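Colleague: Can you read through this structure? Questions will come right after.
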Amino acid sequence: RASDESNFRFLYDVEKSIRDKIEIISREIYGADGVDYSDLALSQIDQYESAGFGELPICIAKTQYSFSCDPSAKGVPTGFRITVREVRGCAGAGFLYPICGDIMTVPGLPTRPGFYDVDIDTETGEVKGLF
(Lines give C-alpha, C1' and ligand atoms only; values in the text may rest on other atoms or scores of the structure.)
Protein backbone atom coordinates (compact mmCIF):
# COMPACT_ATOMS: atom_id res chain seq x y z
CA ARG A 1 0.00 0.00 0.00
CA ALA A 2 1.14 3.53 -0.71
CA SER A 3 0.59 4.42 2.93
CA ASP A 4 3.09 1.77 4.14
CA GLU A 5 6.48 2.92 5.32
CA SER A 6 9.20 2.64 2.69
CA ASN A 7 12.89 1.92 3.11
CA PHE A 8 13.71 3.04 -0.44
CA ARG A 9 17.10 4.61 -1.01
CA PHE A 10 19.17 5.36 -4.07
CA LEU A 11 22.28 3.33 -4.84
CA TYR A 12 24.20 6.61 -4.90
CA ASP A 13 24.17 10.02 -3.24
CA VAL A 14 21.90 12.11 -5.51
CA GLU A 15 24.21 15.09 -4.99
CA LYS A 16 27.02 13.31 -6.85
CA SER A 17 27.80 14.35 -10.42
CA ILE A 18 25.87 12.79 -13.29
CA ARG A 19 29.00 10.94 -14.42
CA ASP A 20 29.61 9.58 -10.92
CA LYS A 21 26.03 8.30 -10.70
CA ILE A 22 26.25 6.61 -14.13
CA GLU A 23 29.55 5.00 -13.17
CA ILE A 24 28.22 3.73 -9.83
CA ILE A 25 25.20 2.11 -11.52
CA SER A 26 27.40 0.64 -14.27
CA ARG A 27 29.83 -0.93 -11.80
CA GLU A 28 27.46 -1.95 -8.99
CA ILE A 29 24.44 -3.14 -10.99
CA TYR A 30 25.86 -4.22 -14.36
CA GLY A 31 29.37 -5.26 -13.29
CA ALA A 32 31.11 -3.02 -15.86
CA ASP A 33 34.80 -2.20 -15.62
CA GLY A 34 34.02 1.43 -16.40
CA VAL A 35 32.14 3.87 -18.60
CA ASP A 36 33.04 5.51 -21.91
CA TYR A 37 31.25 8.68 -23.05
CA SER A 38 30.75 10.08 -26.53
CA ASP A 39 31.55 13.76 -27.03
CA LEU A 40 27.82 14.39 -27.38
CA ALA A 41 27.08 12.70 -24.04
CA LEU A 42 29.79 14.72 -22.27
CA SER A 43 28.40 17.94 -23.74
CA GLN A 44 24.86 17.04 -22.69
CA ILE A 45 25.99 16.16 -19.16
CA ASP A 46 27.67 19.57 -18.88
CA GLN A 47 24.48 21.26 -20.10
CA TYR A 48 22.26 19.39 -17.62
CA GLU A 49 24.56 20.18 -14.74
CA SER A 50 24.84 23.85 -15.74
CA ALA A 51 21.04 24.09 -15.97
CA GLY A 52 20.62 22.74 -12.42
CA PHE A 53 19.53 19.20 -13.30
CA GLY A 54 22.66 17.47 -11.99
CA GLU A 55 20.95 16.10 -8.89
CA LEU A 56 18.21 14.27 -10.80
CA PRO A 57 18.22 10.47 -10.50
CA ILE A 58 19.56 8.33 -13.34
CA CYS A 59 17.69 5.61 -15.25
CA ILE A 60 19.98 3.88 -17.75
CA ALA A 61 18.51 2.88 -21.13
CA LYS A 62 20.37 -0.09 -22.62
CA THR A 63 19.73 -3.50 -24.14
CA GLN A 64 17.62 -5.82 -22.02
CA TYR A 65 19.51 -8.85 -23.32
CA SER A 66 22.75 -8.38 -21.40
CA PHE A 67 24.31 -6.58 -18.46
CA SER A 68 26.70 -5.11 -21.02
CA CYS A 69 25.73 -2.96 -24.02
CA ASP A 70 26.27 -5.96 -26.32
CA PRO A 71 22.99 -7.88 -26.72
CA SER A 72 24.90 -11.01 -27.76
CA ALA A 73 26.87 -11.15 -24.45
CA LYS A 74 24.43 -13.36 -22.57
CA GLY A 75 24.57 -14.33 -18.92
CA VAL A 76 26.85 -12.27 -16.71
CA PRO A 77 29.68 -11.03 -18.93
CA THR A 78 32.91 -9.65 -17.50
CA GLY A 79 35.62 -7.36 -18.80
CA PHE A 80 33.31 -4.88 -20.54
CA ARG A 81 32.69 -1.13 -20.44
CA ILE A 82 29.37 0.67 -20.73
CA THR A 83 29.23 3.14 -23.63
CA VAL A 84 27.05 6.23 -23.12
CA ARG A 85 26.27 7.77 -26.50
CA GLU A 86 23.84 10.45 -25.34
CA VAL A 87 21.94 11.62 -22.27
CA ARG A 88 18.30 12.66 -22.38
CA GLY A 89 16.22 14.29 -19.71
CA CYS A 90 12.69 13.93 -18.44
CA ALA A 91 12.70 17.04 -16.27
CA GLY A 92 8.96 16.90 -15.61
CA ALA A 93 9.17 13.28 -14.47
CA GLY A 94 12.38 14.09 -12.61
CA PHE A 95 15.13 11.88 -14.06
CA LEU A 96 17.89 11.72 -16.67
CA TYR A 97 18.44 8.70 -18.88
CA PRO A 98 21.73 7.88 -20.54
CA ILE A 99 21.33 6.02 -23.84
CA CYS A 100 23.88 3.20 -23.83
CA GLY A 101 25.00 1.15 -26.79
CA ASP A 102 23.01 0.70 -29.96
CA ILE A 103 19.36 0.86 -28.89
CA MET A 104 16.33 2.68 -30.17
CA THR A 105 13.88 4.48 -27.93
CA VAL A 106 10.17 4.87 -28.53
CA PRO A 107 9.40 8.34 -29.86
CA GLY A 108 7.29 10.62 -27.74
CA LEU A 109 4.00 12.08 -28.78
CA PRO A 110 3.96 15.16 -31.01
CA THR A 111 2.78 18.50 -29.65
CA ARG A 112 -0.07 18.49 -32.18
CA PRO A 113 -2.17 15.30 -32.07
CA GLY A 114 -2.60 13.42 -35.35
CA PHE A 115 -6.39 13.30 -35.08
CA TYR A 116 -6.50 16.95 -36.19
CA ASP A 117 -5.65 15.72 -39.69
CA VAL A 118 -8.29 12.96 -39.82
CA ASP A 119 -11.61 13.73 -41.47
CA ILE A 120 -14.54 12.00 -43.15
CA ASP A 121 -15.71 12.99 -46.59
CA THR A 122 -19.46 13.29 -45.95
CA GLU A 123 -20.33 12.63 -49.59
CA THR A 124 -18.30 9.43 -50.03
CA GLY A 125 -17.88 8.29 -46.41
CA GLU A 126 -14.14 7.97 -47.07
CA VAL A 127 -11.79 8.53 -44.13
CA LYS A 128 -9.02 10.95 -45.02
CA GLY A 129 -5.75 11.77 -43.30
CA LEU A 130 -4.97 8.44 -41.67
CA PHE A 131 -2.06 7.54 -43.92
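Chain labels run A, B, ... following the order of the C-alpha coordinates; each chain numbers its residues from 1, and ligands are numbered from 1 in the order shown.
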Any idea what's packed within 12 Å of range 80-94 of chain A, counting only C-alpha atoms, ignoring anything in its chain fewer than 6 positions away? Could you give it as a PyMOL selection string?

Modeller: chain A and resi 18-19+22-27+29-49+51-63+66-70+73+100-105+108

Colleague: Could you tell me how far CA of Asp13 in chain A lies from CA of Gln64 in chain A, in Å and to one decimal?

Modeller: 25.4 Å

Colleague: How would you write, as JSON, numbers by chain, the set of residues in chain A that DSSP gives as helix (DSSP H, G or I)?

Modeller: {"A": [18, 19, 20, 21, 22, 23, 24, 25, 26, 27, 28, 39, 40, 41, 42, 43, 44, 45, 46, 47, 48, 49, 50, 114, 115, 116, 117]}

Colleague: Write the residues of the selection above to a file with N, CA, C and O atoms, as a CSV table (one decimal), in the first residue's frame.

Modeller:
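Written file, result05.csv:
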chain,number,residue,atom,x,y,z
A,18,ILE,N,26.6,13.7,-12.4
A,18,ILE,CA,25.9,12.8,-13.3
A,18,ILE,C,26.8,11.7,-13.7
A,18,ILE,O,26.4,10.5,-13.7
A,19,ARG,N,28.0,12.0,-14.0
A,19,ARG,CA,29.0,10.9,-14.4
A,19,ARG,C,29.2,10.0,-13.3
A,19,ARG,O,29.3,8.7,-13.5
A,20,ASP,N,29.4,10.5,-12.1
A,20,ASP,CA,29.6,9.6,-10.9
A,20,ASP,C,28.4,8.6,-10.7
A,20,ASP,O,28.6,7.4,-10.5
A,21,LYS,N,27.2,9.1,-10.9
A,21,LYS,CA,26.0,8.3,-10.7
A,21,LYS,C,26.0,7.2,-11.8
A,21,LYS,O,25.7,6.1,-11.5
A,22,ILE,N,26.2,7.6,-13.0
A,22,ILE,CA,26.2,6.6,-14.1
A,22,ILE,C,27.3,5.5,-13.9
A,22,ILE,O,27.1,4.3,-14.1
A,23,GLU,N,28.5,6.0,-13.4
A,23,GLU,CA,29.6,5.0,-13.2
A,23,GLU,C,29.2,4.1,-12.0
A,23,GLU,O,29.5,2.9,-12.1
A,24,ILE,N,28.6,4.6,-11.0
A,24,ILE,CA,28.2,3.7,-9.8
A,24,ILE,C,27.2,2.7,-10.3
A,24,ILE,O,27.4,1.5,-10.0
A,25,ILE,N,26.2,3.1,-11.0
A,25,ILE,CA,25.2,2.1,-11.5
A,25,ILE,C,25.9,1.1,-12.4
A,25,ILE,O,25.6,-0.1,-12.3
A,26,SER,N,26.7,1.6,-13.3
A,26,SER,CA,27.4,0.6,-14.3
A,26,SER,C,28.3,-0.4,-13.6
A,26,SER,O,28.3,-1.6,-14.0
A,27,ARG,N,29.0,0.0,-12.5
A,27,ARG,CA,29.8,-0.9,-11.8
A,27,ARG,C,29.0,-1.8,-10.8
A,27,ARG,O,29.2,-3.0,-10.8
A,28,GLU,N,28.1,-1.2,-10.1
A,28,GLU,CA,27.5,-1.9,-9.0
A,28,GLU,C,26.3,-2.8,-9.5
A,28,GLU,O,26.1,-3.9,-8.9
A,39,ASP,N,31.4,12.3,-27.2
A,39,ASP,CA,31.6,13.8,-27.0
A,39,ASP,C,30.2,14.4,-26.8
A,39,ASP,O,30.0,15.3,-26.0
A,40,LEU,N,29.2,13.9,-27.5
A,40,LEU,CA,27.8,14.4,-27.4
A,40,LEU,C,27.3,14.2,-25.9
A,40,LEU,O,26.8,15.1,-25.3
A,41,ALA,N,27.5,13.0,-25.4
A,41,ALA,CA,27.1,12.7,-24.0
A,41,ALA,C,27.8,13.6,-23.0
A,41,ALA,O,27.1,14.1,-22.1
A,42,LEU,N,29.1,13.8,-23.2
A,42,LEU,CA,29.8,14.7,-22.3
A,42,LEU,C,29.3,16.1,-22.3
A,42,LEU,O,29.1,16.8,-21.3
A,43,SER,N,29.0,16.6,-23.6
A,43,SER,CA,28.4,17.9,-23.7
A,43,SER,C,27.0,18.1,-23.1
A,43,SER,O,26.7,19.0,-22.4
A,44,GLN,N,26.2,17.0,-23.3
A,44,GLN,CA,24.9,17.0,-22.7
A,44,GLN,C,24.9,17.0,-21.2
A,44,GLN,O,24.2,17.7,-20.5
A,45,ILE,N,25.8,16.2,-20.6
A,45,ILE,CA,26.0,16.2,-19.2
A,45,ILE,C,26.4,17.5,-18.6
A,45,ILE,O,25.8,18.0,-17.6
A,46,ASP,N,27.3,18.2,-19.3
A,46,ASP,CA,27.7,19.6,-18.9
A,46,ASP,C,26.5,20.5,-18.9
A,46,ASP,O,26.3,21.3,-18.0
A,47,GLN,N,25.7,20.4,-20.0
A,47,GLN,CA,24.5,21.3,-20.1
A,47,GLN,C,23.5,21.0,-19.0
A,47,GLN,O,22.9,21.9,-18.4
A,48,TYR,N,23.2,19.7,-18.7
A,48,TYR,CA,22.3,19.4,-17.6
A,48,TYR,C,22.8,19.9,-16.3
A,48,TYR,O,22.0,20.5,-15.5
A,49,GLU,N,24.0,19.7,-16.0
A,49,GLU,CA,24.6,20.2,-14.7
A,49,GLU,C,24.5,21.7,-14.6
A,49,GLU,O,24.2,22.3,-13.6
A,50,SER,N,24.9,22.4,-15.7
A,50,SER,CA,24.8,23.9,-15.7
A,50,SER,C,23.4,24.4,-15.6
A,50,SER,O,23.2,25.5,-15.0
A,114,GLY,N,-2.3,13.8,-34.0
A,114,GLY,CA,-2.6,13.4,-35.3
A,114,GLY,C,-4.1,13.4,-35.7
A,114,GLY,O,-4.4,13.6,-36.9
A,115,PHE,N,-5.0,13.3,-34.7
A,115,PHE,CA,-6.4,13.3,-35.1
A,115,PHE,C,-6.9,14.6,-35.7
A,115,PHE,O,-7.9,14.6,-36.4
A,116,TYR,N,-6.1,15.7,-35.5
A,116,TYR,CA,-6.5,16.9,-36.2
A,116,TYR,C,-6.5,16.8,-37.7
A,116,TYR,O,-7.2,17.6,-38.4
A,117,ASP,N,-5.8,15.9,-38.3
A,117,ASP,CA,-5.7,15.7,-39.7
A,117,ASP,C,-6.6,14.6,-40.2
A,117,ASP,O,-6.6,14.4,-41.4

Colleague: Just the number, please: distance in Å from CA of Pro98 in chain A to CA of Pro113 in chain A, one decimal.

Modeller: 27.5 Å
